[in-house]
Every structure is written in C-alpha cells, then in structure tokens.
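A.B. asks: This is target34.txt, which holds compact mmCIF, N, CA and C atoms and all ligand atoms:
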# COMPACT_ATOMS: atom_id res chain seq x y z
N MET X 473 -151.17 -40.49 30.01
CA MET X 473 -151.56 -40.07 28.66
C MET X 473 -152.64 -38.98 28.74
N ILE X 474 -152.46 -37.94 27.94
CA ILE X 474 -153.39 -36.81 27.95
C ILE X 474 -154.34 -36.96 26.76
N LEU X 475 -155.63 -37.01 27.05
CA LEU X 475 -156.64 -37.13 25.98
C LEU X 475 -156.98 -35.75 25.46
N VAL X 476 -156.85 -35.59 24.13
CA VAL X 476 -157.14 -34.29 23.51
C VAL X 476 -158.07 -34.52 22.32
N THR X 477 -159.14 -33.76 22.22
CA THR X 477 -160.01 -33.84 21.03
C THR X 477 -159.66 -32.69 20.10
N CYS X 478 -159.88 -32.90 18.80
CA CYS X 478 -159.70 -31.78 17.87
C CYS X 478 -160.72 -31.90 16.74
N GLY X 479 -161.05 -30.74 16.16
CA GLY X 479 -162.09 -30.68 15.13
C GLY X 479 -161.50 -30.36 13.78
N ILE X 480 -161.79 -31.23 12.82
CA ILE X 480 -161.44 -30.94 11.42
C ILE X 480 -162.70 -30.31 10.85
N ILE X 481 -162.73 -28.98 10.86
CA ILE X 481 -163.95 -28.25 10.50
C ILE X 481 -163.95 -28.01 9.00
N GLU X 482 -165.00 -28.49 8.35
CA GLU X 482 -165.08 -28.40 6.88
C GLU X 482 -166.13 -27.34 6.49
N LEU X 483 -165.79 -26.59 5.45
CA LEU X 483 -166.75 -25.62 4.89
C LEU X 483 -166.41 -25.42 3.42
N ASP X 484 -167.37 -25.66 2.54
CA ASP X 484 -167.17 -25.48 1.10
C ASP X 484 -165.91 -26.16 0.59
N GLY X 485 -165.66 -27.36 1.04
CA GLY X 485 -164.50 -28.13 0.55
C GLY X 485 -163.17 -27.74 1.16
N LYS X 486 -163.19 -26.81 2.12
CA LYS X 486 -161.94 -26.42 2.78
C LYS X 486 -161.96 -26.81 4.25
N ILE X 487 -160.78 -26.79 4.84
CA ILE X 487 -160.62 -27.23 6.23
C ILE X 487 -159.99 -26.10 7.03
N LEU X 488 -160.49 -25.90 8.23
CA LEU X 488 -159.95 -24.83 9.07
C LEU X 488 -158.68 -25.29 9.79
N CYS X 489 -157.60 -24.55 9.55
CA CYS X 489 -156.30 -24.83 10.19
C CYS X 489 -156.02 -23.65 11.12
N ALA X 490 -155.53 -23.94 12.33
CA ALA X 490 -155.32 -22.89 13.32
C ALA X 490 -153.85 -22.87 13.75
N GLN X 491 -153.29 -21.66 13.82
CA GLN X 491 -151.88 -21.55 14.22
C GLN X 491 -151.78 -21.16 15.69
N ARG X 492 -151.04 -21.94 16.45
CA ARG X 492 -150.83 -21.65 17.87
C ARG X 492 -150.02 -20.36 18.01
N SER X 493 -150.29 -19.59 19.05
CA SER X 493 -149.60 -18.31 19.22
C SER X 493 -148.21 -18.54 19.80
N GLU X 494 -147.40 -17.48 19.82
CA GLU X 494 -146.03 -17.57 20.36
C GLU X 494 -146.06 -17.95 21.83
N LYS X 495 -147.13 -17.55 22.52
CA LYS X 495 -147.18 -17.75 23.98
C LYS X 495 -147.59 -19.16 24.36
N MET X 496 -148.18 -19.89 23.42
CA MET X 496 -148.65 -21.24 23.74
C MET X 496 -147.47 -22.21 23.68
N ASN X 497 -147.67 -23.37 24.29
CA ASN X 497 -146.79 -24.50 24.13
C ASN X 497 -146.87 -24.88 22.62
N LEU X 498 -145.81 -25.43 22.04
CA LEU X 498 -145.73 -25.70 20.59
C LEU X 498 -145.99 -24.41 19.79
N PRO X 499 -145.25 -23.33 20.09
CA PRO X 499 -145.51 -22.03 19.46
C PRO X 499 -145.43 -22.09 17.94
N LEU X 500 -146.41 -21.42 17.33
CA LEU X 500 -146.50 -21.24 15.87
C LEU X 500 -146.78 -22.52 15.07
N LYS X 501 -146.93 -23.63 15.77
CA LYS X 501 -147.31 -24.86 15.07
C LYS X 501 -148.79 -24.76 14.67
N TRP X 502 -149.14 -25.50 13.62
CA TRP X 502 -150.53 -25.54 13.16
C TRP X 502 -151.22 -26.76 13.76
N GLU X 503 -152.50 -26.61 14.03
CA GLU X 503 -153.27 -27.68 14.66
C GLU X 503 -154.72 -27.54 14.26
N PHE X 504 -155.53 -28.48 14.72
CA PHE X 504 -156.97 -28.37 14.60
C PHE X 504 -157.48 -27.92 15.97
N PRO X 505 -158.41 -26.97 16.02
CA PRO X 505 -158.86 -26.48 17.33
C PRO X 505 -159.45 -27.61 18.17
N GLY X 506 -159.30 -27.47 19.46
CA GLY X 506 -159.79 -28.49 20.39
C GLY X 506 -159.02 -28.36 21.69
N GLY X 507 -158.97 -29.42 22.47
CA GLY X 507 -158.22 -29.34 23.73
C GLY X 507 -158.43 -30.54 24.61
N LYS X 508 -157.93 -30.40 25.82
CA LYS X 508 -157.89 -31.54 26.75
C LYS X 508 -159.26 -31.91 27.29
N VAL X 509 -159.49 -33.20 27.39
CA VAL X 509 -160.75 -33.71 27.93
C VAL X 509 -160.69 -33.59 29.45
N GLU X 510 -161.75 -33.03 30.04
CA GLU X 510 -161.81 -32.90 31.50
C GLU X 510 -162.33 -34.20 32.11
N LYS X 511 -162.15 -34.30 33.42
CA LYS X 511 -162.58 -35.51 34.13
C LYS X 511 -164.08 -35.75 33.89
N ASP X 512 -164.43 -36.99 33.54
CA ASP X 512 -165.82 -37.42 33.31
C ASP X 512 -166.49 -36.73 32.13
N GLU X 513 -165.71 -36.06 31.28
CA GLU X 513 -166.32 -35.35 30.16
C GLU X 513 -166.40 -36.26 28.93
N ASP X 514 -167.51 -36.17 28.25
CA ASP X 514 -167.74 -36.87 26.99
C ASP X 514 -166.86 -36.20 25.91
N LEU X 515 -166.33 -36.98 24.96
CA LEU X 515 -165.40 -36.41 23.96
C LEU X 515 -166.05 -35.31 23.12
N GLU X 516 -167.28 -35.55 22.69
CA GLU X 516 -167.93 -34.54 21.84
C GLU X 516 -168.27 -33.27 22.63
N THR X 517 -168.60 -33.46 23.90
CA THR X 517 -168.87 -32.29 24.76
C THR X 517 -167.61 -31.47 24.91
N CYS X 518 -166.48 -32.17 25.08
CA CYS X 518 -165.18 -31.49 25.19
C CYS X 518 -164.90 -30.69 23.93
N LEU X 519 -165.08 -31.34 22.78
CA LEU X 519 -164.76 -30.68 21.51
C LEU X 519 -165.60 -29.42 21.31
N LYS X 520 -166.90 -29.53 21.57
CA LYS X 520 -167.78 -28.37 21.40
C LYS X 520 -167.40 -27.26 22.36
N ARG X 521 -167.08 -27.62 23.59
CA ARG X 521 -166.70 -26.62 24.60
C ARG X 521 -165.41 -25.91 24.18
N GLU X 522 -164.40 -26.68 23.78
CA GLU X 522 -163.11 -26.09 23.44
C GLU X 522 -163.22 -25.18 22.21
N ILE X 523 -164.00 -25.61 21.22
CA ILE X 523 -164.09 -24.80 20.00
C ILE X 523 -164.87 -23.52 20.27
N LYS X 524 -165.86 -23.61 21.13
CA LYS X 524 -166.58 -22.39 21.53
C LYS X 524 -165.63 -21.45 22.28
N GLU X 525 -164.82 -22.01 23.18
CA GLU X 525 -163.87 -21.18 23.96
C GLU X 525 -162.81 -20.55 23.06
N GLU X 526 -162.32 -21.30 22.08
CA GLU X 526 -161.18 -20.83 21.27
C GLU X 526 -161.59 -19.97 20.09
N LEU X 527 -162.73 -20.31 19.46
CA LEU X 527 -163.10 -19.64 18.21
C LEU X 527 -164.44 -18.92 18.30
N GLY X 528 -165.17 -19.15 19.38
CA GLY X 528 -166.48 -18.49 19.56
C GLY X 528 -167.56 -19.01 18.63
N VAL X 529 -167.40 -20.23 18.10
CA VAL X 529 -168.43 -20.77 17.20
C VAL X 529 -168.99 -22.10 17.72
N GLU X 530 -170.19 -22.42 17.24
CA GLU X 530 -170.84 -23.70 17.54
C GLU X 530 -170.57 -24.64 16.37
N ILE X 531 -170.34 -25.91 16.71
CA ILE X 531 -170.09 -26.89 15.65
C ILE X 531 -171.06 -28.06 15.77
N LYS X 532 -171.15 -28.79 14.64
CA LYS X 532 -171.88 -30.06 14.64
C LYS X 532 -170.85 -31.14 14.31
N VAL X 533 -170.86 -32.22 15.07
CA VAL X 533 -169.92 -33.31 14.81
C VAL X 533 -170.48 -34.22 13.73
N ILE X 534 -169.66 -34.54 12.73
CA ILE X 534 -170.08 -35.43 11.64
C ILE X 534 -169.62 -36.86 11.92
N GLU X 535 -168.34 -37.05 12.18
CA GLU X 535 -167.86 -38.40 12.50
C GLU X 535 -166.51 -38.35 13.20
N ARG X 536 -166.27 -39.42 13.97
CA ARG X 536 -164.98 -39.56 14.63
C ARG X 536 -164.01 -40.24 13.67
N LEU X 537 -162.75 -39.81 13.68
CA LEU X 537 -161.73 -40.38 12.80
C LEU X 537 -160.66 -41.07 13.67
N PRO X 538 -159.77 -41.86 13.07
CA PRO X 538 -158.75 -42.57 13.86
C PRO X 538 -157.84 -41.62 14.64
N PHE X 539 -157.52 -42.00 15.87
CA PHE X 539 -156.69 -41.14 16.73
C PHE X 539 -155.21 -41.31 16.40
N SER X 540 -154.41 -40.40 16.96
CA SER X 540 -152.95 -40.48 16.86
C SER X 540 -152.40 -40.36 18.28
N THR X 541 -151.32 -41.10 18.55
CA THR X 541 -150.66 -40.86 19.85
C THR X 541 -149.26 -40.37 19.55
N HIS X 542 -148.81 -39.43 20.37
CA HIS X 542 -147.46 -38.89 20.17
C HIS X 542 -146.83 -38.53 21.52
N SER X 543 -145.54 -38.85 21.67
CA SER X 543 -144.80 -38.45 22.88
C SER X 543 -143.98 -37.22 22.54
N TYR X 544 -144.28 -36.13 23.18
CA TYR X 544 -143.49 -34.90 22.99
C TYR X 544 -142.26 -34.97 23.88
N PRO X 545 -141.20 -34.21 23.57
CA PRO X 545 -139.96 -34.28 24.33
C PRO X 545 -140.11 -33.98 25.82
N ASN X 546 -141.13 -33.22 26.20
CA ASN X 546 -141.34 -32.92 27.63
C ASN X 546 -142.01 -34.08 28.37
N ASN X 547 -141.98 -35.30 27.76
CA ASN X 547 -142.55 -36.50 28.38
C ASN X 547 -144.07 -36.56 28.34
N LYS X 548 -144.67 -35.58 27.68
CA LYS X 548 -146.13 -35.60 27.58
C LYS X 548 -146.54 -36.52 26.45
N VAL X 549 -147.40 -37.48 26.75
CA VAL X 549 -147.95 -38.35 25.70
C VAL X 549 -149.39 -37.90 25.44
N ILE X 550 -149.63 -37.52 24.19
CA ILE X 550 -150.94 -37.00 23.81
C ILE X 550 -151.67 -38.06 22.99
N LYS X 551 -152.91 -38.32 23.33
CA LYS X 551 -153.78 -39.10 22.44
C LYS X 551 -154.74 -38.10 21.81
N LEU X 552 -154.55 -37.86 20.52
CA LEU X 552 -155.29 -36.81 19.82
C LEU X 552 -156.41 -37.47 19.00
N ILE X 553 -157.65 -37.13 19.33
CA ILE X 553 -158.81 -37.77 18.71
C ILE X 553 -159.54 -36.75 17.82
N PRO X 554 -159.47 -36.96 16.50
CA PRO X 554 -160.09 -35.99 15.59
C PRO X 554 -161.53 -36.31 15.24
N PHE X 555 -162.30 -35.29 15.00
CA PHE X 555 -163.69 -35.43 14.57
C PHE X 555 -163.90 -34.52 13.36
N ARG X 556 -164.52 -35.04 12.31
CA ARG X 556 -164.96 -34.16 11.21
C ARG X 556 -166.16 -33.38 11.71
N CYS X 557 -166.19 -32.09 11.42
CA CYS X 557 -167.25 -31.23 11.93
C CYS X 557 -167.69 -30.23 10.87
N SER X 558 -168.88 -29.66 11.10
CA SER X 558 -169.29 -28.51 10.30
C SER X 558 -169.62 -27.38 11.27
N LEU X 559 -169.69 -26.16 10.72
CA LEU X 559 -170.01 -25.00 11.56
C LEU X 559 -171.52 -24.83 11.65
N GLN X 560 -171.98 -24.46 12.83
CA GLN X 560 -173.40 -24.10 12.96
C GLN X 560 -173.56 -22.59 13.11
N THR X 561 -172.48 -21.93 13.56
CA THR X 561 -172.44 -20.46 13.55
C THR X 561 -171.12 -20.11 12.87
N PHE X 562 -171.06 -18.94 12.26
CA PHE X 562 -169.98 -18.71 11.29
C PHE X 562 -169.04 -17.57 11.65
N GLU X 563 -169.29 -16.86 12.73
CA GLU X 563 -168.46 -15.71 13.07
C GLU X 563 -167.30 -16.13 13.95
N ILE X 564 -166.14 -16.31 13.34
CA ILE X 564 -164.98 -16.78 14.10
C ILE X 564 -164.31 -15.60 14.80
N ASP X 565 -164.09 -15.76 16.11
CA ASP X 565 -163.46 -14.73 16.93
C ASP X 565 -162.29 -15.42 17.63
N LEU X 566 -161.08 -15.14 17.19
CA LEU X 566 -159.91 -15.85 17.72
C LEU X 566 -159.60 -15.41 19.14
N LYS X 567 -159.63 -16.36 20.07
CA LYS X 567 -159.39 -16.02 21.47
C LYS X 567 -158.02 -16.49 21.94
N GLU X 568 -157.44 -17.45 21.26
CA GLU X 568 -156.13 -17.98 21.69
C GLU X 568 -155.14 -18.09 20.54
N HIS X 569 -155.63 -18.43 19.37
CA HIS X 569 -154.72 -18.68 18.24
C HIS X 569 -154.24 -17.38 17.61
N LEU X 570 -153.10 -17.50 16.91
CA LEU X 570 -152.55 -16.35 16.19
C LEU X 570 -153.39 -16.08 14.94
N LYS X 571 -153.70 -17.16 14.21
CA LYS X 571 -154.57 -16.99 13.04
C LYS X 571 -155.18 -18.32 12.63
N VAL X 572 -156.19 -18.24 11.77
CA VAL X 572 -156.73 -19.44 11.15
C VAL X 572 -156.71 -19.24 9.64
N GLU X 573 -156.61 -20.35 8.93
CA GLU X 573 -156.70 -20.31 7.47
C GLU X 573 -157.59 -21.46 7.02
N TRP X 574 -158.30 -21.24 5.91
CA TRP X 574 -159.10 -22.31 5.29
C TRP X 574 -158.26 -22.89 4.17
N ALA X 575 -157.96 -24.18 4.25
CA ALA X 575 -157.08 -24.81 3.26
C ALA X 575 -157.82 -25.91 2.53
N SER X 576 -157.50 -26.09 1.25
CA SER X 576 -158.07 -27.24 0.54
C SER X 576 -157.26 -28.47 0.92
N PRO X 577 -157.84 -29.68 0.82
CA PRO X 577 -157.13 -30.89 1.25
C PRO X 577 -155.73 -31.00 0.64
N THR X 578 -155.58 -30.59 -0.62
CA THR X 578 -154.27 -30.72 -1.26
C THR X 578 -153.24 -29.73 -0.69
N ASP X 579 -153.69 -28.70 0.00
CA ASP X 579 -152.74 -27.74 0.58
C ASP X 579 -152.36 -28.06 2.03
N LEU X 580 -153.01 -29.07 2.63
CA LEU X 580 -152.79 -29.33 4.06
C LEU X 580 -151.34 -29.69 4.37
N SER X 581 -150.67 -30.34 3.42
CA SER X 581 -149.30 -30.80 3.70
C SER X 581 -148.30 -29.65 3.74
N ARG X 582 -148.71 -28.46 3.34
CA ARG X 582 -147.78 -27.31 3.36
C ARG X 582 -147.60 -26.69 4.74
N TYR X 583 -148.48 -27.03 5.66
CA TYR X 583 -148.43 -26.38 6.98
C TYR X 583 -147.45 -27.09 7.92
N ASP X 584 -146.92 -26.32 8.86
CA ASP X 584 -145.99 -26.87 9.85
C ASP X 584 -146.81 -27.39 11.05
N TRP X 585 -147.33 -28.61 10.90
CA TRP X 585 -148.26 -29.18 11.89
C TRP X 585 -147.55 -29.58 13.18
N ALA X 586 -148.27 -29.52 14.29
CA ALA X 586 -147.80 -30.13 15.55
C ALA X 586 -147.58 -31.62 15.24
N ASP X 587 -146.57 -32.21 15.85
CA ASP X 587 -146.21 -33.59 15.50
C ASP X 587 -147.38 -34.57 15.60
N ALA X 588 -148.20 -34.43 16.63
CA ALA X 588 -149.31 -35.38 16.83
C ALA X 588 -150.32 -35.31 15.69
N ASP X 589 -150.34 -34.19 14.97
CA ASP X 589 -151.32 -34.01 13.90
C ASP X 589 -150.89 -34.63 12.58
N ILE X 590 -149.60 -34.92 12.44
CA ILE X 590 -149.09 -35.34 11.12
C ILE X 590 -149.81 -36.60 10.59
N PRO X 591 -149.94 -37.68 11.38
CA PRO X 591 -150.66 -38.84 10.83
C PRO X 591 -152.13 -38.56 10.56
N ILE X 592 -152.72 -37.68 11.34
CA ILE X 592 -154.14 -37.34 11.14
C ILE X 592 -154.32 -36.58 9.82
N VAL X 593 -153.39 -35.66 9.56
CA VAL X 593 -153.43 -34.90 8.31
C VAL X 593 -153.21 -35.85 7.12
N GLN X 594 -152.26 -36.77 7.26
CA GLN X 594 -151.99 -37.72 6.16
C GLN X 594 -153.22 -38.59 5.89
N ASN X 595 -153.84 -39.12 6.94
CA ASN X 595 -155.07 -39.91 6.79
C ASN X 595 -156.15 -39.12 6.08
N TYR X 596 -156.30 -37.87 6.50
CA TYR X 596 -157.37 -37.04 5.96
C TYR X 596 -157.14 -36.80 4.47
N ILE X 597 -155.88 -36.51 4.11
CA ILE X 597 -155.56 -36.25 2.70
C ILE X 597 -155.86 -37.50 1.87
N GLN X 598 -155.45 -38.65 2.39
CA GLN X 598 -155.68 -39.91 1.65
C GLN X 598 -157.16 -40.17 1.47
N SER X 599 -157.94 -39.97 2.54
CA SER X 599 -159.35 -40.31 2.44
C SER X 599 -160.12 -39.30 1.60
N SER X 600 -159.53 -38.13 1.38
CA SER X 600 -160.24 -37.13 0.54
C SER X 600 -159.86 -37.26 -0.93
N GLN X 601 -158.96 -38.22 -1.24
CA GLN X 601 -158.51 -38.33 -2.64
C GLN X 601 -159.41 -39.27 -3.44
N1 LIG H 1 -156.17 -28.60 20.43
C1 LIG H 1 -155.18 -29.28 19.90
N2 LIG H 1 -154.12 -29.61 20.67
C2 LIG H 1 -153.14 -30.29 20.08
C3 LIG H 1 -153.19 -30.65 18.71
N3 LIG H 1 -152.04 -31.31 18.41
C4 LIG H 1 -151.31 -31.38 19.54
O1 LIG H 1 -150.21 -31.90 19.66
N4 LIG H 1 -151.98 -30.75 20.57
C5 LIG H 1 -151.49 -30.64 21.95
C6 LIG H 1 -151.14 -29.24 22.36
C7 LIG H 1 -151.41 -29.24 23.86
O2 LIG H 1 -150.27 -29.75 24.54
C8 LIG H 1 -152.55 -30.24 24.00
C9 LIG H 1 -153.90 -29.59 24.05
O3 LIG H 1 -153.97 -28.83 25.16
P1 LIG H 1 -154.92 -27.55 25.28
O4 LIG H 1 -155.06 -26.87 23.98
O5 LIG H 1 -156.15 -27.98 26.00
O6 LIG H 1 -154.16 -26.66 26.30
P2 LIG H 1 -152.75 -25.95 26.28
O7 LIG H 1 -152.36 -25.47 24.92
O8 LIG H 1 -152.79 -24.97 27.39
O9 LIG H 1 -151.82 -27.18 26.64
P3 LIG H 1 -150.54 -27.27 27.52
O10 LIG H 1 -149.85 -25.95 27.46
O11 LIG H 1 -150.99 -27.66 28.87
O12 LIG H 1 -149.77 -28.38 26.84
O13 LIG H 1 -152.49 -31.09 22.83
C10 LIG H 1 -154.32 -30.29 17.93
O14 LIG H 1 -154.45 -30.55 16.72
N5 LIG H 1 -155.29 -29.59 18.57
Step by step, read the file and then write its structure as structure tokens.

C.D. replies:
Amino acid sequence: MILVTCGIIELDGKILCAQRSEKMNLPLKWEFPGGKVEKDEDLETCLKREIKEELGVEIKVIERLPFSTHSYPNNKVIKLIPFRCSLQTFEIDLKEHLKVEWASPTDLSRYDWADADIPIVQNYIQSSQ
C-alpha cells in the first residue's frame, strides 16, 4: 500500500483543485496537491514538502480528515490521507500540474477527480453543508 498525503487548501470559502498534466500518471484527472510519504517521514512534513515542491507555497495544516483507500488497475493500492490547510504564502507557481482552480464546495462535484479522491470530495461536500 502506498501512503499519499493531500491538502484541501481553503481560501475565502474556496478550495484549490489541481489538474494532473498529460505526462503524469492519471493524466488530466483532478486531485488535491500532495504526494507519497517517504520512509520515516511524518505525514504533515510530507504534505508541506510536496506542496512546496508542486506549487511553491507554504501551508498551515488545520486538521486531518478521514482517509480513502483505492486500488488502481495497475495493482497500486493508494491510501490517500487528506488534511484541511490554509496558505501561508500566496504566490502559486505550478511546477507539475497543468492548472489549478479555486472551487466553491458546491462546485467540487463537477470535476473529473482521481478515483481515490471521490469519497474524500463527497465527505468534504457533506461536512461543508
Ligand atoms: N497528490 C495526490 N496524489 C493522488 C491523489 N489522488 C490519487 O489517486 N493520487 C495518486 C496519484 C499518484 O499515483 C500518487 C501520488 O504520487 P506522487 O504525486 O507522489 O507521484 P507521481 O505522480 O509521480 O506518482 P506515480 O507516477 O509514481 O504514481 O497518488 C491526490 O488527491 N493527490
């Protein structure tokens, strides 16, 4: 099982959604920025490192939310652990993703999410209602 952290970054009532590029695995799917936990790495340290690498910003973690597990067809089982976050620096510089969009909670269901994200998005929508 591959441990992956992701950040649900909130700003002014909106959430940052990131689209994977054509070159990435799961091309053009939408996700929350984050990535794989390294050996002996703390989850929050991983999340901050990945978001800095991918978007060039610093974040503050607000709370951990329930994880999702998903088996992709390539036999990869992902345990995706989401954290609500806020931005501490605001200049987003996309280093890997095709684009990012700020969506209101009611618009989250319109995106073509990576499969592992679907239960996380549903939970988030419910808890924001
Ligand atoms: N960061 C992130 N990854 C996600 C999400 N949903 C989801 O299925 N994933 C998957 C995609 C990747 O297979 C893996 C995260 O890996 P990564 O971002 O560190 O590295 P990568 O794209 O190079 O991954 P890979 O090619 O080795 O699969 O988790 C999500 O919301 N955020």

A.B. asks: With all atoms listed in the file as the atoms that count, which of X:Glu510, X:Pro499, X:Ile564, X:Val549 lies nearest to Val529 in chain X?

C.D. replies: X:Ile564

A.B. asks: Around ligand LIG 1 (chain H), which protein and nucleic acid residues have at least one atom no more than 8 Å from it, if we count only C-alpha atoms and all ligand atoms? List them as number ranges by chain.

C.D. replies: X: 474-479, 496-498, 502-509, 522, 542, 548, 550, 552, 554, 585-589

A.B. asks: Quick one: pull the distance between CA of Ile553 in chain X and CA of Asp584 in chain X, Å, one decimal.

C.D. replies: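 Between these atoms lies a distance of 19.0 Å.
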
A.B. asks: Between X:Tyr583, X:Leu519, X:Met473, X:Glu525, which has the minimum distance to Glu568 in chain X (counting all atoms listed in the file)?

C.D. replies: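 Looking at the shortest contact to Glu568 in chain X, the residue is X:Glu525.
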
A.B. asks: Mind checking which residues fall within 7 Å of Leu488 in chain X, counting only C-alpha atoms, ignoring those fewer than 6 positions away in the same chain, and posting them as a list in words?

C.D. replies: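 The contact residues come out as Ile480, Ile481, Glu482, Val572, Glu573, Trp574 and Ala575 of chain X.
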
A.B. asks: DSSP on the backbone: which residues in chain X end up as strand (DSSP E)? Give the answer as an MDAnalysis selection string.

C.D. replies: chainID X and resid 474:483 486:491 502:503 506:508 531:536 540:543 549:559 571:575

A.B. asks: With 8 Å on each side, where is the centre of the axis-aligned box around all listed atoms of range 578-582 of chain X, and how long are its edges in Å to one decimal, as lines of an AutoDock Vina configuration file?

C.D. replies:
center_x = -151.6
center_y = -28.7
center_z = 1.7
size_x = 24.0
size_y = 20.1
size_z = 22.0

A.B. asks: Could you list, as a PDB file with N, CA and C atoms, keeping the file's coordinate frame, every residue within 8 Å of Ser600 in chain X, counting only N, CA and C atoms and ignoring same-chain residues fewer than 5 positions away?

C.D. replies:
ATOM      1  N   PRO X 577    -157.840 -29.680   0.820  1.00  0.00           N
ATOM      2  CA  PRO X 577    -157.130 -30.890   1.250  1.00  0.00           C
ATOM      3  C   PRO X 577    -155.730 -31.000   0.640  1.00  0.00           C
ATOM      4  N   THR X 578    -155.580 -30.590  -0.620  1.00  0.00           N
ATOM      5  CA  THR X 578    -154.270 -30.720  -1.260  1.00  0.00           C
ATOM      6  C   THR X 578    -153.240 -29.730  -0.690  1.00  0.00           C
ATOM      7  N   GLN X 594    -152.260 -36.770   7.260  1.00  0.00           N
ATOM      8  CA  GLN X 594    -151.990 -37.720   6.160  1.00  0.00           C
ATOM      9  C   GLN X 594    -153.220 -38.590   5.890  1.00  0.00           C
ATOM     10  N   ASN X 595    -153.840 -39.120   6.940  1.00  0.00           N
ATOM     11  CA  ASN X 595    -155.070 -39.910   6.790  1.00  0.00           C
ATOM     12  C   ASN X 595    -156.150 -39.120   6.080  1.00  0.00           C
TER      13      ASN X 595
END

A.B. asks: Choose the residue, out of X:Gln601, X:Ile523, X:Glu563, X:Arg556, that has the smallest atom-to-atom separation from Pro538 in chain X; count only C-alpha atoms.

C.D. replies: X:Arg556

A.B. asks: Rounded to one decimal in Å, what is the spacing between atom C of Cys557 in chain X and atom N of Ser581 in chain X?

C.D. replies: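 Between these atoms lies a distance of 18.6 Å.
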
A.B. asks: With all atoms listed in the file as the atoms that count, which of X:Val593, X:Lys571, X:Ser576, X:Asn547 lies nearest to Arg492 in chain X?

C.D. replies: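 Between X:Val593, X:Lys571, X:Ser576, X:Asn547, the residue approaching Arg492 in chain X most closely is X:Lys571.
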
A.B. asks: Would you please extract all helix (DSSP H, G or I) residues from chain X, as assigned by DSSP on the backbone, and give them as a compact mmCIF listing (two decimals) with N, CA and C atoms, in the frame of the given file?

C.D. replies:
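The result, written out as out.txt:
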# COMPACT_ATOMS: atom_id res chain seq x y z
N LEU X 515 -166.33 -36.98 24.96
CA LEU X 515 -165.40 -36.41 23.96
C LEU X 515 -166.05 -35.31 23.12
N GLU X 516 -167.28 -35.55 22.69
CA GLU X 516 -167.93 -34.54 21.84
C GLU X 516 -168.27 -33.27 22.63
N THR X 517 -168.60 -33.46 23.90
CA THR X 517 -168.87 -32.29 24.76
C THR X 517 -167.61 -31.47 24.91
N CYS X 518 -166.48 -32.17 25.08
CA CYS X 518 -165.18 -31.49 25.19
C CYS X 518 -164.90 -30.69 23.93
N LEU X 519 -165.08 -31.34 22.78
CA LEU X 519 -164.76 -30.68 21.51
C LEU X 519 -165.60 -29.42 21.31
N LYS X 520 -166.90 -29.53 21.57
CA LYS X 520 -167.78 -28.37 21.40
C LYS X 520 -167.40 -27.26 22.36
N ARG X 521 -167.08 -27.62 23.59
CA ARG X 521 -166.70 -26.62 24.60
C ARG X 521 -165.41 -25.91 24.18
N GLU X 522 -164.40 -26.68 23.78
CA GLU X 522 -163.11 -26.09 23.44
C GLU X 522 -163.22 -25.18 22.21
N ILE X 523 -164.00 -25.61 21.22
CA ILE X 523 -164.09 -24.80 20.00
C ILE X 523 -164.87 -23.52 20.27
N LYS X 524 -165.86 -23.61 21.13
CA LYS X 524 -166.58 -22.39 21.53
C LYS X 524 -165.63 -21.45 22.28
N GLU X 525 -164.82 -22.01 23.18
CA GLU X 525 -163.87 -21.18 23.96
C GLU X 525 -162.81 -20.55 23.06
N GLU X 526 -162.32 -21.30 22.08
CA GLU X 526 -161.18 -20.83 21.27
C GLU X 526 -161.59 -19.97 20.09
N LEU X 527 -162.73 -20.31 19.46
CA LEU X 527 -163.10 -19.64 18.21
C LEU X 527 -164.44 -18.92 18.30
N PRO X 577 -157.84 -29.68 0.82
CA PRO X 577 -157.13 -30.89 1.25
C PRO X 577 -155.73 -31.00 0.64
N THR X 578 -155.58 -30.59 -0.62
CA THR X 578 -154.27 -30.72 -1.26
C THR X 578 -153.24 -29.73 -0.69
N ASP X 579 -153.69 -28.70 0.00
CA ASP X 579 -152.74 -27.74 0.58
C ASP X 579 -152.36 -28.06 2.03
N LEU X 580 -153.01 -29.07 2.63
CA LEU X 580 -152.79 -29.33 4.06
C LEU X 580 -151.34 -29.69 4.37
N SER X 581 -150.67 -30.34 3.42
CA SER X 581 -149.30 -30.80 3.70
C SER X 581 -148.30 -29.65 3.74
N ARG X 582 -148.71 -28.46 3.34
CA ARG X 582 -147.78 -27.31 3.36
C ARG X 582 -147.60 -26.69 4.74
N ASP X 587 -146.57 -32.21 15.85
CA ASP X 587 -146.21 -33.59 15.50
C ASP X 587 -147.38 -34.57 15.60
N ALA X 588 -148.20 -34.43 16.63
CA ALA X 588 -149.31 -35.38 16.83
C ALA X 588 -150.32 -35.31 15.69
N ASP X 589 -150.34 -34.19 14.97
CA ASP X 589 -151.32 -34.01 13.90
C ASP X 589 -150.89 -34.63 12.58
N ILE X 590 -149.60 -34.92 12.44
CA ILE X 590 -149.09 -35.34 11.12
C ILE X 590 -149.81 -36.60 10.59
N PRO X 591 -149.94 -37.68 11.38
CA PRO X 591 -150.66 -38.84 10.83
C PRO X 591 -152.13 -38.56 10.56
N ILE X 592 -152.72 -37.68 11.34
CA ILE X 592 -154.14 -37.34 11.14
C ILE X 592 -154.32 -36.58 9.82
N VAL X 593 -153.39 -35.66 9.56
CA VAL X 593 -153.43 -34.90 8.31
C VAL X 593 -153.21 -35.85 7.12
N GLN X 594 -152.26 -36.77 7.26
CA GLN X 594 -151.99 -37.72 6.16
C GLN X 594 -153.22 -38.59 5.89
N ASN X 595 -153.84 -39.12 6.94
CA ASN X 595 -155.07 -39.91 6.79
C ASN X 595 -156.15 -39.12 6.08
N TYR X 596 -156.30 -37.87 6.50
CA TYR X 596 -157.37 -37.04 5.96
C TYR X 596 -157.14 -36.80 4.47
N ILE X 597 -155.88 -36.51 4.11
CA ILE X 597 -155.56 -36.25 2.70
C ILE X 597 -155.86 -37.50 1.87
N GLN X 598 -155.45 -38.65 2.39
CA GLN X 598 -155.68 -39.91 1.65
C GLN X 598 -157.16 -40.17 1.47
N SER X 599 -157.94 -39.97 2.54
CA SER X 599 -159.35 -40.31 2.44
C SER X 599 -160.12 -39.30 1.60

A.B. asks: When distances are computed from only N, CA and C atoms, which of X:Asp579, X:Asp484, X:Phe555, X:Thr561 shows the smallest separation from Ile534 in chain X?

C.D. replies: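 The closest residue to Ile534 in chain X is X:Phe555.
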
A.B. asks: Of the candidates X:Lys532, X:Gln491, X:Ile592, X:Lys524, which shows the shortest atom-to-atom distance to Asp565 in chain X, using only C-alpha atoms?

C.D. replies: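 Among the listed residues, X:Lys524 lies closest to Asp565 in chain X.
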
A.B. asks: Provide the atom N of Ser540 in chain X to atom C of Pro591 in chain X distance in Å, to one decimal place.

C.D. replies: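 So the answer is 7.0 Å.
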